[in-house]
Structure formats: structure tokens, C-alpha cells
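One file, upload.cif, is given below (mmCIF, C-alpha atoms).
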data_target
#
loop_
_atom_site.group_PDB
_atom_site.id
_atom_site.type_symbol
_atom_site.label_atom_id
_atom_site.label_comp_id
_atom_site.auth_asym_id
_atom_site.auth_seq_id
_atom_site.Cartn_x
_atom_site.Cartn_y
_atom_site.Cartn_z
ATOM 1 C CA MET H 1 5.177 8.756 -9.745
ATOM 2 C CA THR H 2 2.842 5.778 -9.519
ATOM 3 C CA VAL H 3 0.933 4.451 -6.541
ATOM 4 C CA LEU H 4 -0.609 0.997 -6.651
ATOM 5 C CA VAL H 5 -3.630 0.731 -4.345
ATOM 6 C CA VAL H 6 -4.534 -2.824 -3.390
ATOM 7 C CA ASP H 7 -8.022 -3.020 -1.944
ATOM 8 C CA ASP H 8 -11.006 -5.214 -2.698
ATOM 9 C CA SER H 9 -13.213 -2.129 -2.345
ATOM 10 C CA GLU H 10 -13.356 -0.201 -5.602
ATOM 11 C CA ALA H 11 -14.739 2.832 -3.729
ATOM 12 C CA VAL H 12 -11.792 3.010 -1.310
ATOM 13 C CA ALA H 13 -9.263 2.546 -4.112
ATOM 14 C CA SER H 14 -10.961 5.242 -6.165
ATOM 15 C CA ILE H 15 -10.891 7.741 -3.300
ATOM 16 C CA ILE H 16 -7.220 7.055 -2.580
ATOM 17 C CA SER H 17 -6.385 7.370 -6.284
ATOM 18 C CA ARG H 18 -8.180 10.735 -6.499
ATOM 19 C CA ILE H 19 -6.351 12.057 -3.449
ATOM 20 C CA ALA H 20 -3.088 10.732 -4.894
ATOM 21 C CA ALA H 21 -3.756 12.516 -8.205
ATOM 22 C CA GLN H 22 -4.117 15.811 -6.345
ATOM 23 C CA GLY H 23 -0.577 15.251 -5.063
ATOM 24 C CA GLY H 24 0.861 14.505 -8.495
ATOM 25 C CA TRP H 25 0.639 10.711 -8.351
ATOM 26 C CA HIS H 26 -0.743 8.382 -10.985
ATOM 27 C CA GLY H 27 -2.984 5.876 -9.214
ATOM 28 C CA ILE H 28 -3.615 2.318 -10.346
ATOM 29 C CA HIS H 29 -5.740 -0.281 -8.598
ATOM 30 C CA ALA H 30 -5.536 -3.999 -7.934
ATOM 31 C CA ALA H 31 -8.709 -5.562 -6.590
ATOM 32 C CA ASN H 32 -6.909 -8.637 -5.259
ATOM 33 C CA VAL H 33 -3.470 -9.667 -4.058
ATOM 34 C CA GLU H 34 -2.925 -12.141 -6.905
ATOM 35 C CA GLU H 35 -2.651 -9.283 -9.431
ATOM 36 C CA VAL H 36 0.106 -7.422 -7.601
ATOM 37 C CA PRO H 37 3.269 -9.297 -8.708
ATOM 38 C CA GLU H 38 2.324 -9.024 -12.386
ATOM 39 C CA ILE H 39 1.503 -5.333 -12.059
ATOM 40 C CA LEU H 40 4.854 -4.713 -10.352
ATOM 41 C CA LYS H 41 6.675 -6.527 -13.159
ATOM 42 C CA ALA H 42 4.860 -4.540 -15.856
ATOM 43 C CA THR H 43 4.722 -1.083 -14.255
ATOM 44 C CA LYS H 44 7.191 1.066 -12.339
ATOM 45 C CA VAL H 45 5.432 1.483 -8.992
ATOM 46 C CA ASP H 46 6.841 3.982 -6.506
ATOM 47 C CA LEU H 47 4.409 3.359 -3.662
ATOM 48 C CA LEU H 48 2.315 0.339 -2.741
ATOM 49 C CA MET H 49 -0.711 0.942 -0.522
ATOM 50 C CA LEU H 50 -2.136 -2.308 0.838
ATOM 51 C CA ASP H 51 -5.368 -2.935 2.638
ATOM 52 C CA TYR H 52 -4.603 -5.305 5.477
ATOM 53 C CA VAL H 53 -7.827 -7.327 5.242
ATOM 54 C CA MET H 54 -8.034 -8.900 1.795
ATOM 55 C CA PRO H 55 -9.457 -12.178 0.484
ATOM 56 C CA GLY H 56 -6.816 -14.886 0.188
ATOM 57 C CA LYS H 57 -4.011 -13.282 2.189
ATOM 58 C CA ASN H 58 -3.623 -10.175 4.222
ATOM 59 C CA GLY H 59 -1.537 -7.150 3.311
ATOM 60 C CA LEU H 60 1.269 -8.101 5.671
ATOM 61 C CA GLU H 61 1.562 -11.558 4.101
ATOM 62 C CA LEU H 62 1.697 -9.977 0.645
ATOM 63 C CA ALA H 63 4.343 -7.495 1.793
ATOM 64 C CA ARG H 64 6.445 -10.377 3.161
ATOM 65 C CA GLU H 65 6.152 -12.291 -0.128
ATOM 66 C CA LEU H 66 7.118 -9.209 -2.139
ATOM 67 C CA ARG H 67 10.172 -8.545 0.027
ATOM 68 C CA GLU H 68 11.249 -12.199 -0.270
ATOM 69 C CA ALA H 69 10.793 -11.962 -4.069
ATOM 70 C CA GLY H 70 13.242 -9.044 -4.211
ATOM 71 C CA TRP H 71 11.001 -5.965 -4.018
ATOM 72 C CA THR H 72 13.126 -4.640 -1.166
ATOM 73 C CA LYS H 73 13.123 -0.930 -2.018
ATOM 74 C CA LEU H 74 9.412 -0.570 -2.723
ATOM 75 C CA ASN H 75 7.675 1.894 -0.374
ATOM 76 C CA ILE H 76 4.788 0.103 1.322
ATOM 77 C CA ILE H 77 1.974 1.558 3.428
ATOM 78 C CA LEU H 78 -0.665 -0.617 5.102
ATOM 79 C CA PHE H 79 -4.152 0.574 5.934
ATOM 80 C CA SER H 80 -7.018 -1.125 7.713
ATOM 81 C CA GLY H 81 -10.210 -0.675 9.635
ATOM 82 C CA MET H 82 -8.728 -3.190 12.059
ATOM 83 C CA SER H 83 -5.171 -1.942 12.382
ATOM 84 C CA GLU H 84 -4.986 -3.294 15.936
ATOM 85 C CA LEU H 85 -4.692 -6.781 14.365
ATOM 86 C CA ILE H 86 -1.514 -5.881 12.480
ATOM 87 C CA ASP H 87 1.780 -7.160 13.901
ATOM 88 C CA LYS H 88 3.571 -3.796 14.105
ATOM 89 C CA GLU H 89 6.970 -5.395 14.768
ATOM 90 C CA GLU H 90 6.682 -7.597 11.675
ATOM 91 C CA ALA H 91 5.549 -4.576 9.640
ATOM 92 C CA ALA H 92 8.624 -2.648 10.790
ATOM 93 C CA ARG H 93 10.908 -5.594 9.919
ATOM 94 C CA LEU H 94 9.401 -5.593 6.438
ATOM 95 C CA GLY H 95 10.102 -1.893 6.028
ATOM 96 C CA ILE H 96 6.482 -0.800 6.031
ATOM 97 C CA THR H 97 6.681 2.912 6.688
ATOM 98 C CA HIS H 98 3.144 3.633 7.901
ATOM 99 C CA ILE H 99 0.029 1.870 9.121
ATOM 100 C CA LEU H 100 -3.079 3.975 8.589
ATOM 101 C CA GLN H 101 -6.437 3.493 10.271
ATOM 102 C CA LYS H 102 -9.647 3.450 8.221
ATOM 103 C CA PRO H 103 -11.531 5.608 7.753
ATOM 104 C CA LEU H 104 -8.503 7.269 6.231
ATOM 105 C CA SER H 105 -7.737 10.866 7.088
ATOM 106 C CA ILE H 106 -7.160 12.843 3.893
ATOM 107 C CA ALA H 107 -4.547 15.002 5.620
ATOM 108 C CA GLU H 108 -2.673 11.968 6.962
ATOM 109 C CA LEU H 109 -2.868 10.239 3.589
ATOM 110 C CA ARG H 110 -1.424 13.280 1.833
ATOM 111 C CA CYS H 111 1.322 13.546 4.440
ATOM 112 C CA VAL H 112 2.499 9.924 4.099
ATOM 113 C CA MET H 113 2.315 10.120 0.311
ATOM 114 C CA ASN H 114 4.448 13.269 0.353
ATOM 115 C CA GLU H 115 6.985 11.476 2.551
ATOM 116 C CA ALA H 116 7.046 8.554 0.129
ATOM 117 C CA LYS H 117 7.528 10.935 -2.796
ATOM 118 C CA LYS H 118 10.557 12.507 -1.082
ATOM 119 C CA SER H 119 12.142 9.101 -0.481
ATOM 120 C CA VAL H 120 11.785 8.195 -4.171
ATOM 121 C CA SER H 121 13.024 11.500 -5.558
#
Translate this structure into C-alpha cells?
Amino acid sequence: MTVLVVDDSEAVASIISRIAAQGGWHGIHAANVEEVPEILKATKVDLLMLDYVMPGKNGLELARELREAGWTKLNIILFSGMSELIDKEEAARLGITHILQKPLSIAELRCVMNEAKKSVS
């Protein structure tokens, strides 16, 4: 199972990837939103974890573009230090299963990743 972590902070992506590895996931990282479509075409990704605040476009905009491009079954989780800015109704329409608040809780992160794993299996 592969999780793609999209965050412009290498430290945050690294921490999430290490926690994911403890749960049996293979973590890969994209430092910017422009890389994501190509990674999705080249790699089977089971879970996409998007930081909401990113240079260029936010995580919700990227999720919308991915859904419109046909990535309709991809599990998507948003996370942000400013989750109050996220349009929760739009996120739900896009099928985003969870919105996590930074700093991320390891227990919560493991829980949502386990849920995602069950939905893929």
C-alpha cells in the first residue's frame, strides 16, 4: 500500500512517511502540487495526504482537479495548521474522508490511515 504525502515541508512529509511505514505503508513525497498528476500516473497510490496550504494552489483545489481528471476512487485526506479555512462542505463533496489539524496527532494519523487501508483492501 502506498501513501503519497504532498507537503512543501520535507520534515512534515518525512514524519508522516515514517508513521505510515510503521503501519505497513510505503510513503512517497511530493514537495509541490505540480508533481502529483505525474506521480499518480506512474505509481499506484492508495492514499493521498494533502497539505491544505501549498504554493500555487491549495490542497482542496488539487483534490478538485484530480477528481475532475478521473481520480474518483482515490482516498484523500487533507491536513492543515489552518483547517478552519477549509470549506468542509466542498471537501465532503469531493469525497475527502478526513481533515486533520496540524500539529498532527500520531494516534489520529494512524487511525485514519488504518481506515483508508480497510477501504482499499
Find the spatial neighbours of Ile77 of chain H, counting all atoms listed in the file, within a cut-off of 6 Å - ignore same-chain residues fewer than 3 positions away - and output them as an mmCIF file with C-alpha atoms, keeping the file's coordinate frame.
data_model
loop_
_atom_site.group_PDB
_atom_site.id
_atom_site.type_symbol
_atom_site.label_atom_id
_atom_site.label_comp_id
_atom_site.auth_asym_id
_atom_site.auth_seq_id
_atom_site.Cartn_x
_atom_site.Cartn_y
_atom_site.Cartn_z
ATOM 1 C CA MET H 49 -0.711 0.942 -0.522
ATOM 2 C CA ILE H 96 6.482 -0.800 6.031
ATOM 3 C CA THR H 97 6.681 2.912 6.688
ATOM 4 C CA HIS H 98 3.144 3.633 7.901
#
Contacts of segment 113-120 of chain H at 7 Å (all atoms listed in the file; same-chain gap of 2+ positions) as a list in words: Asp46, Leu47, Asn75, Leu109, Arg110 and Cys111 of chain H
Residues in the PyMOL selection byres ((chain H and resi 56-66) around 10), expressed as a PyMOL selection string: chain H and resi 6-7+32-34+36-37+40+48-55+67-72+74+76-80+86-88+90-91+93-96
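Across the structure, atom CA of Ala21 of chain H and atom CA of Leu100 of chain H are spaced 18.9 Å apart.
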From H:Ala92, H:Ile99, H:Leu4, H:Ile15, residue lying nearest Val112 of chain H [only C-alpha atoms]: H:Ile99
Given the PyMOL selection byres ((chain H and resi 28) around 7), the residues it picks as a list in words: Val3, Leu4, Val5, His26, Gly27 and His29 of chain H
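Going from atom CA of Met1 of chain H to atom CA of Ala20 of chain H covers 9.8 Å.
Across the structure, atom CA of Ser105 of chain H and atom CA of Ser14 of chain H are spaced 14.8 Å apart.
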Which centre and which edge lengths, in Å to one decimal, describe the axis-aligned box that holds all listed atoms of segment 59-70 of chain H after 6 Å is added on each side, as lines of an AutoDock Vina configuration file?
center_x = 5.9
center_y = -9.7
center_z = 0.7
size_x = 26.8
size_y = 17.1
size_z = 21.9
Distance criterion (only C-alpha atoms): nearest to Ala13 of chain H out of H:Thr43, H:Ser83, H:Leu104, H:Lys73: H:Leu104
